[in-house]
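Novice: input30.txt (compact mmCIF, C-alpha atoms and all ligand atoms) pasted underneath:
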# COMPACT_ATOMS: atom_id res chain seq x y z
CA MET N 1 8.92 18.94 -54.91
CA LYS N 2 8.09 15.24 -54.76
CA GLN N 3 11.22 14.70 -52.67
CA ILE N 4 10.26 17.45 -50.19
CA PHE N 5 6.78 15.94 -49.88
CA ALA N 6 8.29 12.48 -49.25
CA ILE N 7 10.60 13.88 -46.55
CA PHE N 8 7.65 15.75 -45.02
CA LEU N 9 5.61 12.53 -45.01
CA LEU N 10 8.45 10.58 -43.40
CA LEU N 11 8.85 13.26 -40.74
CA CYS N 12 5.12 13.11 -40.00
CA LEU N 13 5.31 9.33 -39.65
CA ILE N 14 8.32 9.52 -37.34
CA LEU N 15 6.78 12.25 -35.22
CA GLY N 16 3.43 10.47 -35.27
CA GLY N 17 5.18 7.29 -34.16
CA CYS N 18 6.94 9.17 -31.38
CA THR N 19 3.70 10.71 -30.10
CA GLU N 20 2.16 7.26 -30.03
CA ASP N 21 5.17 5.94 -28.10
CA LEU N 22 4.76 8.77 -25.61
CA ALA N 23 1.12 7.93 -24.94
CA PRO N 24 0.64 5.03 -22.52
CA ALA N 25 -1.79 2.15 -22.93
CA GLU N 26 -4.18 2.23 -20.01
CA ARG N 27 -6.57 -0.10 -18.18
CA GLU N 28 -8.87 0.50 -15.23
CA PHE N 29 -10.60 -2.18 -13.17
CA PHE N 30 -11.92 -2.83 -9.68
CA ALA N 31 -10.34 -5.20 -7.14
CA MET N 32 -9.57 -5.13 -3.39
CA ASP N 33 -12.40 -2.62 -2.90
CA THR N 34 -10.39 -0.10 -4.95
CA VAL N 35 -10.30 1.31 -8.47
CA ILE N 36 -7.04 0.15 -10.01
CA ASN N 37 -5.44 2.06 -12.86
CA VAL N 38 -2.50 0.71 -14.85
CA LYS N 39 -0.57 2.67 -17.48
CA ILE N 40 2.13 1.04 -19.57
CA TRP N 41 4.45 2.62 -22.11
CA GLY N 42 5.46 -0.05 -24.62
CA ASP N 43 4.09 -3.60 -24.73
CA GLU N 44 0.31 -3.12 -24.39
CA THR N 45 -0.34 -6.83 -24.04
CA ALA N 46 1.27 -6.63 -20.59
CA LEU N 47 -1.93 -4.86 -19.43
CA ASP N 48 -3.82 -8.16 -19.64
CA ALA N 49 -1.08 -9.91 -17.69
CA VAL N 50 -1.27 -7.30 -14.90
CA TYR N 51 -5.06 -7.52 -14.82
CA ASP N 52 -4.97 -11.35 -14.60
CA LEU N 53 -2.28 -11.31 -11.92
CA ILE N 54 -3.93 -8.75 -9.65
CA SER N 55 -7.38 -10.35 -10.04
CA ALA N 56 -6.06 -13.83 -9.19
CA ASP N 57 -3.86 -12.66 -6.30
CA SER N 58 -6.49 -10.49 -4.66
CA ALA N 59 -9.03 -13.36 -4.76
CA LEU N 60 -6.48 -15.62 -3.06
CA PHE N 61 -5.87 -13.26 -0.14
CA SER N 62 -9.31 -11.79 0.59
CA THR N 63 -11.08 -12.54 3.88
CA TYR N 64 -14.37 -11.77 2.12
CA ASN N 65 -13.96 -14.69 -0.32
CA ASP N 66 -14.78 -17.97 1.54
CA THR N 67 -12.65 -20.04 -0.83
CA SER N 68 -9.51 -17.89 -0.54
CA ASP N 69 -6.37 -19.32 1.03
CA ILE N 70 -6.65 -16.82 3.89
CA ALA N 71 -10.35 -17.54 4.58
CA LYS N 72 -9.68 -21.30 4.59
CA LEU N 73 -6.67 -20.88 6.87
CA ASN N 74 -8.78 -18.79 9.27
CA GLN N 75 -11.48 -21.44 9.27
CA ASP N 76 -9.33 -24.56 9.73
CA ALA N 77 -6.26 -23.04 11.48
CA PHE N 78 -4.13 -25.15 9.13
CA LEU N 79 -3.59 -25.08 5.36
CA VAL N 80 -1.05 -25.98 2.73
CA VAL N 81 -1.08 -22.71 0.81
CA ARG N 82 -0.05 -21.74 -2.71
CA ASN N 83 3.38 -20.28 -3.32
CA GLU N 84 2.07 -16.69 -3.65
CA THR N 85 0.22 -16.98 -0.34
CA ALA N 86 3.26 -18.51 1.37
CA GLU N 87 5.40 -15.60 0.15
CA LEU N 88 2.87 -13.03 1.39
CA LEU N 89 2.56 -14.78 4.78
CA GLN N 90 6.33 -14.89 5.10
CA LEU N 91 6.48 -11.15 4.37
CA ALA N 92 3.67 -10.52 6.88
CA ILE N 93 5.65 -12.34 9.59
CA HIS N 94 8.83 -10.48 8.57
CA TYR N 95 7.24 -7.00 8.79
CA SER N 96 5.47 -7.88 12.06
CA HIS N 97 8.91 -8.58 13.56
CA GLU N 98 10.51 -5.52 11.96
CA THR N 99 7.84 -3.19 13.35
CA ALA N 100 7.68 -4.96 16.74
CA GLY N 101 4.02 -5.80 16.14
CA ALA N 102 2.75 -2.34 15.15
CA PHE N 103 1.85 -4.12 11.93
CA ASP N 104 0.14 -7.32 13.09
CA PRO N 105 -2.04 -9.41 10.74
CA THR N 106 -3.63 -11.27 13.68
CA VAL N 107 -5.90 -8.28 14.44
CA TYR N 108 -8.60 -10.04 12.39
CA PRO N 109 -10.80 -11.10 15.38
CA TYR N 110 -10.98 -7.38 16.26
CA ILE N 111 -11.78 -6.45 12.64
CA LYS N 112 -14.60 -9.02 12.57
CA SER N 113 -16.08 -7.54 15.73
CA TRP N 114 -15.96 -4.04 14.23
CA ARG N 115 -17.59 -5.27 11.03
CA SER N 116 -20.46 -6.96 12.85
CA ALA N 117 -21.06 -4.27 15.49
CA ASN N 118 -24.52 -2.77 15.03
CA ASP N 119 -25.30 0.30 17.07
CA ALA N 120 -22.23 0.80 19.27
CA PRO N 121 -18.48 0.10 19.23
CA PRO N 122 -17.77 -3.55 20.12
CA GLU N 123 -16.43 -4.91 23.43
CA LEU N 124 -13.02 -6.40 22.60
CA THR N 125 -11.12 -7.31 25.76
CA HIS N 126 -12.20 -11.00 25.66
CA LEU N 127 -10.43 -11.36 22.30
CA SER N 128 -6.94 -10.33 23.39
CA ASP N 129 -5.73 -13.94 23.99
CA ARG N 130 -6.20 -14.64 20.29
CA ILE N 131 -4.00 -11.74 19.11
CA GLY N 132 -0.24 -11.78 18.46
CA PHE N 133 1.77 -12.40 15.31
CA ASP N 134 3.72 -15.25 16.98
CA LYS N 135 0.49 -17.27 16.64
CA LEU N 136 0.94 -17.36 12.84
CA VAL N 137 3.43 -20.08 11.90
CA LEU N 138 4.73 -20.87 8.43
CA ASP N 139 6.78 -23.93 7.59
CA GLY N 140 7.44 -24.04 3.84
CA ASN N 141 3.95 -23.86 2.35
CA THR N 142 2.24 -25.13 5.50
CA ALA N 143 0.56 -22.36 7.46
CA SER N 144 -1.01 -22.77 10.88
CA LEU N 145 -2.69 -20.57 13.45
CA LYS N 146 -2.44 -21.13 17.21
CA ASP N 147 -4.83 -20.12 20.04
CA ARG N 148 -7.84 -19.52 17.72
CA ALA N 149 -5.95 -16.71 16.00
CA MET N 150 -7.18 -15.39 12.64
CA ILE N 151 -5.42 -13.16 10.13
CA ASP N 152 -6.20 -10.32 7.75
CA LEU N 153 -3.60 -9.17 5.22
CA GLY N 154 -5.51 -6.04 4.13
CA ALA N 155 -2.67 -3.79 5.29
CA ILE N 156 -0.17 -5.29 2.82
CA THR N 157 -2.17 -7.00 0.05
CA LYS N 158 -2.38 -3.97 -2.25
CA GLY N 159 1.33 -3.25 -1.86
CA TYR N 160 2.23 -6.89 -2.49
CA CYS N 161 -0.03 -7.11 -5.57
CA ALA N 162 1.48 -3.88 -6.97
CA GLN N 163 5.01 -5.20 -6.40
CA ARG N 164 4.14 -8.53 -8.07
CA ALA N 165 2.66 -6.62 -11.04
CA ILE N 166 5.81 -4.49 -11.36
CA ASP N 167 8.00 -7.64 -11.18
CA GLU N 168 5.91 -9.20 -13.95
CA LEU N 169 6.36 -6.05 -16.09
CA ILE N 170 10.13 -6.14 -15.52
CA HIS N 171 10.10 -9.82 -16.53
CA ARG N 172 8.28 -8.79 -19.74
CA LYS N 173 10.92 -6.14 -20.39
CA VAL N 174 8.48 -3.24 -19.94
CA GLU N 175 10.57 -0.20 -19.01
CA THR N 176 7.93 2.34 -17.98
CA ALA N 177 4.66 1.90 -16.09
CA ILE N 178 2.58 3.29 -13.24
CA ILE N 179 0.08 1.33 -11.15
CA SER N 180 -2.32 3.15 -8.91
CA LEU N 181 -4.52 1.40 -6.30
CA GLY N 182 -6.11 4.23 -4.35
CA GLY N 183 -3.59 5.19 -1.68
CA ASN N 184 -0.94 2.90 -3.22
CA VAL N 185 1.05 4.06 -6.26
CA GLN N 186 4.05 2.31 -7.76
CA THR N 187 6.11 3.45 -10.74
CA LEU N 188 8.55 1.60 -12.97
CA GLY N 189 11.26 3.59 -14.77
CA SER N 190 10.97 7.17 -15.99
CA LYS N 191 8.46 8.66 -18.39
CA PRO N 192 9.64 8.62 -22.03
CA ASP N 193 8.82 12.34 -22.48
CA GLY N 194 11.32 13.20 -19.71
CA THR N 195 8.77 14.78 -17.37
CA ALA N 196 8.68 13.76 -13.70
CA TRP N 197 6.10 11.45 -12.17
CA ALA N 198 3.67 13.55 -10.15
CA VAL N 199 1.82 11.70 -7.40
CA GLY N 200 -0.66 13.64 -5.29
CA ILE N 201 -1.07 12.99 -1.55
CA ALA N 202 -4.68 13.31 -0.44
CA ASN N 203 -5.69 16.12 1.86
CA PRO N 204 -7.03 14.23 4.91
CA GLU N 205 -9.65 16.99 5.38
CA LYS N 206 -10.78 16.76 1.74
CA PRO N 207 -9.50 13.44 0.31
CA SER N 208 -10.57 14.19 -3.27
CA GLU N 209 -7.97 16.99 -3.33
CA ALA N 210 -4.18 16.77 -3.09
CA ILE N 211 -2.50 18.53 -0.15
CA THR N 212 0.85 18.21 -1.91
CA VAL N 213 2.40 16.54 -4.96
CA VAL N 214 5.47 14.28 -4.93
CA ARG N 215 7.59 14.74 -8.09
CA PHE N 216 10.35 12.32 -9.00
CA HIS N 217 11.95 10.30 -11.79
CA GLY N 218 12.43 6.53 -11.79
CA SER N 219 10.97 3.59 -9.90
CA MET N 220 9.29 4.10 -6.54
CA ALA N 221 6.47 2.79 -4.34
CA LEU N 222 4.42 5.41 -2.44
CA VAL N 223 1.80 4.17 0.02
CA THR N 224 -0.46 6.27 2.21
CA SER N 225 -2.37 5.11 5.29
CA GLY N 226 -4.87 7.54 6.71
CA THR N 227 -7.79 7.75 9.10
CA TYR N 228 -10.05 9.29 6.46
CA GLN N 229 -9.96 6.29 4.09
CA ARG N 230 -12.36 3.89 5.82
CA TYR N 231 -14.26 4.23 9.08
CA TYR N 232 -17.38 3.30 11.09
CA GLU N 233 -19.61 5.95 12.61
CA TRP N 234 -21.90 5.88 15.67
CA ASN N 235 -23.62 8.89 17.20
CA GLY N 236 -21.53 11.25 15.10
CA LYS N 237 -18.20 9.75 16.31
CA LYS N 238 -15.92 8.21 13.70
CA TYR N 239 -13.92 5.02 14.31
CA HIS N 240 -11.30 4.52 11.61
CA HIS N 241 -9.86 1.24 10.37
CA ILE N 242 -6.24 1.26 11.58
CA LEU N 243 -6.26 -0.64 14.85
CA ASP N 244 -3.89 -0.69 17.79
CA PRO N 245 -3.06 -4.42 18.09
CA GLN N 246 -2.71 -3.93 21.88
CA THR N 247 -6.36 -2.91 22.31
CA GLY N 248 -8.25 -3.53 19.06
CA TYR N 249 -9.46 0.09 19.03
CA PRO N 250 -8.58 2.67 16.35
CA VAL N 251 -5.18 4.24 16.94
CA GLU N 252 -5.54 7.71 18.45
CA ASN N 253 -2.59 10.05 17.94
CA ASN N 254 -1.81 13.34 16.20
CA LEU N 255 -1.41 11.77 12.74
CA ALA N 256 -3.91 12.18 9.90
CA SER N 257 -1.87 10.25 7.32
CA VAL N 258 1.49 8.61 6.75
CA THR N 259 3.02 8.16 3.29
CA VAL N 260 6.00 5.82 2.95
CA LEU N 261 8.30 6.05 -0.08
CA CYS N 262 10.69 3.21 -0.91
CA GLN N 263 11.67 0.73 -3.57
CA ASP N 264 9.39 -2.12 -2.48
CA GLY N 265 5.58 -2.02 -2.63
CA THR N 266 4.95 -4.54 0.17
CA MET N 267 7.37 -2.81 2.53
CA ALA N 268 5.83 0.61 1.79
CA ASP N 269 2.36 -0.76 2.58
CA ALA N 270 3.41 -2.57 5.77
CA PHE N 271 5.35 0.45 7.03
CA SER N 272 2.64 3.02 6.22
CA THR N 273 0.21 1.12 8.45
CA ALA N 274 2.84 0.37 11.13
CA LEU N 275 4.15 3.97 11.33
CA PHE N 276 0.59 5.17 11.72
CA VAL N 277 0.17 2.78 14.67
CA MET N 278 3.52 3.86 16.20
CA GLY N 279 2.60 7.55 16.15
CA TYR N 280 4.79 10.48 15.07
CA GLU N 281 7.65 10.31 17.62
CA LYS N 282 8.14 6.53 17.57
CA ALA N 283 7.82 6.50 13.77
CA ILE N 284 10.65 9.03 13.49
CA GLU N 285 12.82 6.92 15.80
CA PHE N 286 12.06 3.90 13.61
CA TRP N 287 13.06 5.90 10.50
CA GLN N 288 16.23 7.18 12.19
CA ALA N 289 17.34 3.61 12.82
CA ARG N 290 17.02 2.61 9.15
CA LYS N 291 18.12 3.98 5.80
CA ASP N 292 15.80 2.22 3.38
CA PHE N 293 12.67 4.41 3.21
CA GLU N 294 11.41 8.00 3.49
CA VAL N 295 8.19 9.37 4.98
CA ILE N 296 5.74 12.24 4.59
CA PHE N 297 3.54 12.75 7.66
CA ILE N 298 0.41 14.89 7.73
CA THR N 299 -0.59 15.74 11.26
CA LYS N 300 -4.16 16.45 12.38
CA ASP N 301 -3.47 20.20 12.37
CA GLY N 302 -2.95 19.94 8.60
CA SER N 303 0.82 20.48 8.62
CA ILE N 304 3.21 18.46 6.47
CA HIS N 305 6.46 16.93 7.79
CA ALA N 306 8.89 15.26 5.37
CA THR N 307 12.00 13.22 6.16
CA GLU N 308 15.10 14.71 4.56
CA GLY N 309 15.10 12.29 1.61
CA ALA N 310 11.44 13.02 0.82
CA ALA N 311 11.67 16.81 1.23
CA PRO N 312 13.35 17.56 -2.16
CA LEU N 313 10.46 15.78 -3.92
CA LEU N 314 7.85 18.19 -2.53
CA THR N 315 7.47 21.43 -4.42
CA ASP N 316 4.27 23.37 -4.06
CA CYS N 317 3.61 23.37 -0.31
CA GLU N 318 5.02 24.45 3.02
CA PHE N 319 6.50 21.70 5.16
CA SER N 320 9.00 21.01 7.90
CA ILE N 321 12.00 18.76 7.33
CA ILE N 322 12.86 15.89 9.68
CA GLN N 323 16.66 15.59 9.76
CA ARG N 324 18.63 12.46 10.31
CA ILE N 325 20.65 12.38 13.51
CA LYS N 326 24.24 12.04 12.29
CA THR N 327 26.09 9.18 13.93
CA SER N 328 29.84 9.18 13.58
P1 LIG N 401 -5.83 0.55 3.20
O1 LIG N 401 -5.92 -0.94 3.11
O2 LIG N 401 -7.13 1.22 3.41
O3 LIG N 401 -5.03 1.15 2.11
P2 LIG N 401 -3.82 0.12 5.25
O4 LIG N 401 -2.80 -0.40 4.32
O5 LIG N 401 -3.31 1.03 6.32
O6 LIG N 401 -5.00 0.87 4.53
O7 LIG N 401 -4.47 -1.16 5.92
C1 LIG N 401 -5.52 -1.05 6.84
C2 LIG N 401 -6.24 -2.39 6.92
O8 LIG N 401 -5.35 -3.35 7.53
C3 LIG N 401 -7.46 -2.36 7.79
O9 LIG N 401 -8.63 -2.11 7.03
C4 LIG N 401 -7.46 -3.74 8.44
O10 LIG N 401 -8.02 -4.69 7.53
C5 LIG N 401 -6.00 -4.05 8.59
N1 LIG N 401 -5.39 -3.55 9.85
C6 LIG N 401 -5.85 -2.62 10.73
N2 LIG N 401 -4.96 -2.37 11.72
C7 LIG N 401 -3.89 -3.17 11.46
C8 LIG N 401 -2.64 -3.39 12.11
N3 LIG N 401 -2.29 -2.72 13.22
N4 LIG N 401 -1.78 -4.29 11.55
C9 LIG N 401 -2.11 -4.98 10.43
N5 LIG N 401 -3.27 -4.83 9.78
C10 LIG N 401 -4.16 -3.94 10.27
MG MG N 402 -0.67 -0.60 4.62
Kindly present the structure from the file in structure tokens form.
Specialist:
Amino acid sequence: MKQIFAIFLLLCLILGGCTEDLAPAEREFFAMDTVINVKIWGDETALDAVYDLISADSALFSTYNDTSDIAKLNQDAFLVVRNETAELLQLAIHYSHETAGAFDPTVYPYIKSWRSANDAPPELTHLSDRIGFDKLVLDGNTASLKDRAMIDLGAITKGYCAQRAIDELIHRKVETAIISLGGNVQTLGSKPDGTAWAVGIANPEKPSEAITVVRFHGSMALVTSGTYQRYYEWNGKKYHHILDPQTGYPVENNLASVTVLCQDGTMADAFSTALFVMGYEKAIEFWQARKDFEVIFITKDGSIHATEGAAPLLTDCEFSIIQRIKTS
């Protein structure tokens, strides 16, 4: 009897231990104007490391913080920046080239005008000489801005911070984690209980609800850019925050949101913004020419369009599939 009880006790301990292993350690905090949620299976102490990293990085890149590297660079047009900032600037230049300027961090003079406009949309044409990603130059850690250009890295900062956090977790030998920063989600590994990750994509008409859920196993970055996230409003007309670098005005096309899925958080963030700027047809051409990411588009009529690699991950919704043109 004693023996049976001992075995029973052992079993309880093992099962109890397993249940504990299956439950993640979790931390929620606010940075980059977003609620950030981190879940880690395994080494709980890594939560502090992720918190410290994201807090420090986001302070370094914010245009709202006068002492940040980016604010100082904008003010003086010249700065020897920290390594993290140099890496982010280098990535910003890289993705500006890759997207032929659909993603362009030099839209900041336009953004400033939108932020300070009082009772009507701002007049922007006089600012166009200051825009263009070729005005941002990086030589090692020395950054400079030509022609009174100014930069804003808001379109890639969350993706970059998530990627840096995931890299830190890998360095600490954490095998499973999920980091969520509003429209940015990045996973590491697969859940220990064997179930799939399930990441909802906001319904642009009702952003607190999911229009569809992406289910998958393993590591992935998923980043959504949409018109509904942030906007200004005058006389009942909404002006959203994704700007056409050619004009400085909000991009007008038939897209309501673009979700990019790939292995790199910074790339997913840069491309989600850039594909939104390109519009549906050009974005598909861009995707056709590459093989390193997938996309889920939601058009203004509420329909869902998934590239053929993303389609198998969508389950509970109707959608059309965008096929790759086969080249021989
Ligand atoms: P969010 O930051 O809300 O998740 P995005 O990643 O799409 O959304 O980034 C949008 C932000 O990037 C804007 O708020 C603005 O600061 C900046 N931005 C707007 N248009 C562009 C653009 N064409 N290229 C680069 N940055 C942009
Ligand atoms: Mg983005």
Novice: Any residue with an atom at most 12 Å from ligand MG 402 (chain N) counts, using only C-alpha atoms and all ligand atoms. Which are they? Put them as a ChimeraX atom specification.
Specialist: /N:92,95,102-105,152-160,181-185,221-227,229,241-243,257-260,265-277
Novice: Using only C-alpha atoms, which protein or nucleic acid residues come within 7 Å of Gly189 in chain N? Drop anything in the same chain fewer than 2 positions from it, and give the result as a list of chain:residue names.
Specialist: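 Using only C-alpha atoms, the neighbours found are N:Glu175, N:Thr176, N:Ala177, N:Thr187, N:Lys191, N:Gly218, N:Ser219.
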Novice: Which one is closest to ligand LIG 401 (chain N): N:Glu294, N:Asp244, N:Glu26, N:Asp139? Count only C-alpha atoms and all ligand atoms.
Specialist: N:Asp244
Novice: At what distance in Å, to one decimal, does CA of Arg215 in chain N lie from CA of Tyr228 in chain N?
Specialist: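 CA of Arg215 in chain N lies at a distance of 23.5 Å from CA of Tyr228 in chain N.
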Novice: Report as a ChimeraX atom specification all protein, DNA and RNA residues lying within 6 Å of range 194-199 of chain N, evaluated on all atoms listed in the file, omitting residues in the same chain fewer than 4 positions from it.
Specialist: /N:213-217
Novice: Kindly save the residues from that selection, with C-alpha atoms included, as a compact mmCIF listing (two decimals), in the frame of the given file.
Specialist:
# COMPACT_ATOMS: atom_id res chain seq x y z
CA VAL N 213 2.40 16.54 -4.96
CA VAL N 214 5.47 14.28 -4.93
CA ARG N 215 7.59 14.74 -8.09
CA PHE N 216 10.35 12.32 -9.00
CA HIS N 217 11.95 10.30 -11.79
Novice: With distances taken over only C-alpha atoms, which of N:Gly140, N:Ile36, N:Tyr231, N:Ala86 is nearest to Arg115 in chain N?
Specialist: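 Of N:Gly140, N:Ile36, N:Tyr231, N:Ala86, the one nearest Arg115 in chain N, counting only C-alpha atoms, is N:Tyr231.
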Novice: Write out as an MDAnalysis selection string which residues come within 10 Å of Tyr232 in chain N when counting only C-alpha atoms, dropping same-chain ones fewer than 6 positions away.
Specialist: chainID N and resid 114:115 117 120:121 238:241
Novice: Hey, what's within 9 Å of Ile166 in chain N if we count all atoms listed in the file and toss same-chain stuff fewer than 4 positions away? As a PyMOL selection string, please?
Specialist: chain N and resi 50+161-162+170-171+177-179+186-188
Novice: In Å, rounded to a single decimal, give me how far CA of Gly132 in chain N is from atom O7 of ligand LIG 401 (chain N).
Specialist: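 Here the two named atoms are 17.0 Å from each other.
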Novice: What does the distance between CA of Thr63 in chain N and CA of His94 in chain N come to in Å, to one decimal place?
Specialist: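 Distance between the two atoms: 20.6 Å.
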Novice: Would you kindly identify which residues have an atom no farther than 9 Å from (1.7, 13.6, 14.4), using all atoms listed in the file and the file's own coordinates, and write them out as a compact mmCIF listing (two decimals) with C-alpha atoms, keeping the file's coordinate frame?
Specialist:
# COMPACT_ATOMS: atom_id res chain seq x y z
CA ASN N 253 -2.59 10.05 17.94
CA ASN N 254 -1.81 13.34 16.20
CA LEU N 255 -1.41 11.77 12.74
CA ALA N 256 -3.91 12.18 9.90
CA SER N 257 -1.87 10.25 7.32
CA PHE N 276 0.59 5.17 11.72
CA GLY N 279 2.60 7.55 16.15
CA TYR N 280 4.79 10.48 15.07
CA GLU N 281 7.65 10.31 17.62
CA PHE N 297 3.54 12.75 7.66
CA ILE N 298 0.41 14.89 7.73
CA THR N 299 -0.59 15.74 11.26
CA LYS N 300 -4.16 16.45 12.38
CA ASP N 301 -3.47 20.20 12.37
CA HIS N 305 6.46 16.93 7.79
Novice: Counting all atoms listed in the file, which residue out of N:Asp147, N:Asp33, N:Asp167, N:Asp316 sits closest to Ala59 in chain N?
Specialist: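 The shortest atom-to-atom distance to Ala59 in chain N comes from N:Asp33.
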Novice: Could all heavy atoms be built for range 319-326 of chain N and written out as a PDB file, in the frame of the given file?
Specialist:
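Once written, rebuild23.pdb looks like this:
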ATOM      1  N   PHE N 319       6.330  22.906   4.343  1.00  0.00           N
ATOM      2  CA  PHE N 319       6.500  21.700   5.160  1.00  0.00           C
ATOM      3  C   PHE N 319       7.740  21.843   6.028  1.00  0.00           C
ATOM      4  O   PHE N 319       8.617  22.665   5.754  1.00  0.00           O
ATOM      5  CB  PHE N 319       6.611  20.457   4.281  1.00  0.00           C
ATOM      6  CG  PHE N 319       7.729  20.510   3.278  1.00  0.00           C
ATOM      7  CD1 PHE N 319       8.997  20.047   3.585  1.00  0.00           C
ATOM      8  CD2 PHE N 319       7.501  21.032   2.003  1.00  0.00           C
ATOM      9  CE1 PHE N 319      10.019  20.100   2.658  1.00  0.00           C
ATOM     10  CE2 PHE N 319       8.525  21.086   1.067  1.00  0.00           C
ATOM     11  CZ  PHE N 319       9.793  20.624   1.392  1.00  0.00           C
ATOM     12  N   SER N 320       7.784  21.024   7.088  1.00  0.00           N
ATOM     13  CA  SER N 320       9.000  21.010   7.900  1.00  0.00           C
ATOM     14  C   SER N 320       9.813  19.766   7.533  1.00  0.00           C
ATOM     15  O   SER N 320       9.253  18.765   7.083  1.00  0.00           O
ATOM     16  CB  SER N 320       8.657  21.013   9.388  1.00  0.00           C
ATOM     17  OG  SER N 320       8.008  19.813   9.716  1.00  0.00           O
ATOM     18  N   ILE N 321      11.125  19.866   7.731  1.00  0.00           N
ATOM     19  CA  ILE N 321      12.000  18.760   7.330  1.00  0.00           C
ATOM     20  C   ILE N 321      12.504  18.017   8.578  1.00  0.00           C
ATOM     21  O   ILE N 321      12.999  18.640   9.526  1.00  0.00           O
ATOM     22  CB  ILE N 321      13.206  19.272   6.515  1.00  0.00           C
ATOM     23  CG1 ILE N 321      12.701  20.004   5.262  1.00  0.00           C
ATOM     24  CG2 ILE N 321      14.130  18.119   6.121  1.00  0.00           C
ATOM     25  CD1 ILE N 321      13.796  20.594   4.397  1.00  0.00           C
ATOM     26  N   ILE N 322      12.359  16.708   8.559  1.00  0.00           N
ATOM     27  CA  ILE N 322      12.860  15.890   9.680  1.00  0.00           C
ATOM     28  C   ILE N 322      14.271  15.425   9.302  1.00  0.00           C
ATOM     29  O   ILE N 322      14.463  14.711   8.319  1.00  0.00           O
ATOM     30  CB  ILE N 322      11.941  14.667   9.909  1.00  0.00           C
ATOM     31  CG1 ILE N 322      10.490  15.122  10.107  1.00  0.00           C
ATOM     32  CG2 ILE N 322      12.427  13.863  11.104  1.00  0.00           C
ATOM     33  CD1 ILE N 322       9.469  14.027   9.891  1.00  0.00           C
ATOM     34  N   GLN N 323      15.253  15.896  10.082  1.00  0.00           N
ATOM     35  CA  GLN N 323      16.660  15.590   9.760  1.00  0.00           C
ATOM     36  C   GLN N 323      17.096  14.270  10.375  1.00  0.00           C
ATOM     37  O   GLN N 323      16.597  13.882  11.439  1.00  0.00           O
ATOM     38  CB  GLN N 323      17.573  16.690  10.337  1.00  0.00           C
ATOM     39  CG  GLN N 323      17.256  18.087   9.868  1.00  0.00           C
ATOM     40  CD  GLN N 323      17.792  18.382   8.471  1.00  0.00           C
ATOM     41  OE1 GLN N 323      18.485  17.559   7.888  1.00  0.00           O
ATOM     42  NE2 GLN N 323      17.447  19.556   7.944  1.00  0.00           N
ATOM     43  N   ARG N 324      18.015  13.657   9.736  1.00  0.00           N
ATOM     44  CA  ARG N 324      18.630  12.460  10.310  1.00  0.00           C
ATOM     45  C   ARG N 324      19.612  12.857  11.400  1.00  0.00           C
ATOM     46  O   ARG N 324      20.354  13.825  11.221  1.00  0.00           O
ATOM     47  CB  ARG N 324      19.435  11.752   9.226  1.00  0.00           C
ATOM     48  CG  ARG N 324      18.879  10.439   8.898  1.00  0.00           C
ATOM     49  CD  ARG N 324      19.613   9.712   7.824  1.00  0.00           C
ATOM     50  NE  ARG N 324      18.633   8.987   7.044  1.00  0.00           N
ATOM     51  CZ  ARG N 324      17.863   8.015   7.531  1.00  0.00           C
ATOM     52  NH1 ARG N 324      17.963   7.620   8.767  1.00  0.00           N
ATOM     53  NH2 ARG N 324      16.974   7.421   6.770  1.00  0.00           N
ATOM     54  N   ILE N 325      19.624  12.133  12.500  1.00  0.00           N
ATOM     55  CA  ILE N 325      20.650  12.380  13.510  1.00  0.00           C
ATOM     56  C   ILE N 325      21.926  11.743  12.973  1.00  0.00           C
ATOM     57  O   ILE N 325      21.933  10.553  12.615  1.00  0.00           O
ATOM     58  CB  ILE N 325      20.270  11.729  14.853  1.00  0.00           C
ATOM     59  CG1 ILE N 325      18.982  12.340  15.374  1.00  0.00           C
ATOM     60  CG2 ILE N 325      21.391  11.885  15.867  1.00  0.00           C
ATOM     61  CD1 ILE N 325      18.354  11.561  16.505  1.00  0.00           C
ATOM     62  N   LYS N 326      22.985  12.566  12.858  1.00  0.00           N
ATOM     63  CA  LYS N 326      24.240  12.040  12.290  1.00  0.00           C
ATOM     64  C   LYS N 326      24.970  11.216  13.350  1.00  0.00           C
ATOM     65  O   LYS N 326      25.197  11.674  14.457  1.00  0.00           O
ATOM     66  CB  LYS N 326      25.138  13.175  11.803  1.00  0.00           C
ATOM     67  CG  LYS N 326      24.450  14.086  10.791  1.00  0.00           C
ATOM     68  CD  LYS N 326      24.588  13.553   9.358  1.00  0.00           C
ATOM     69  CE  LYS N 326      23.933  14.459   8.348  1.00  0.00           C
ATOM     70  NZ  LYS N 326      22.552  14.147   8.029  1.00  0.00           N
TER      71      LYS N 326
END
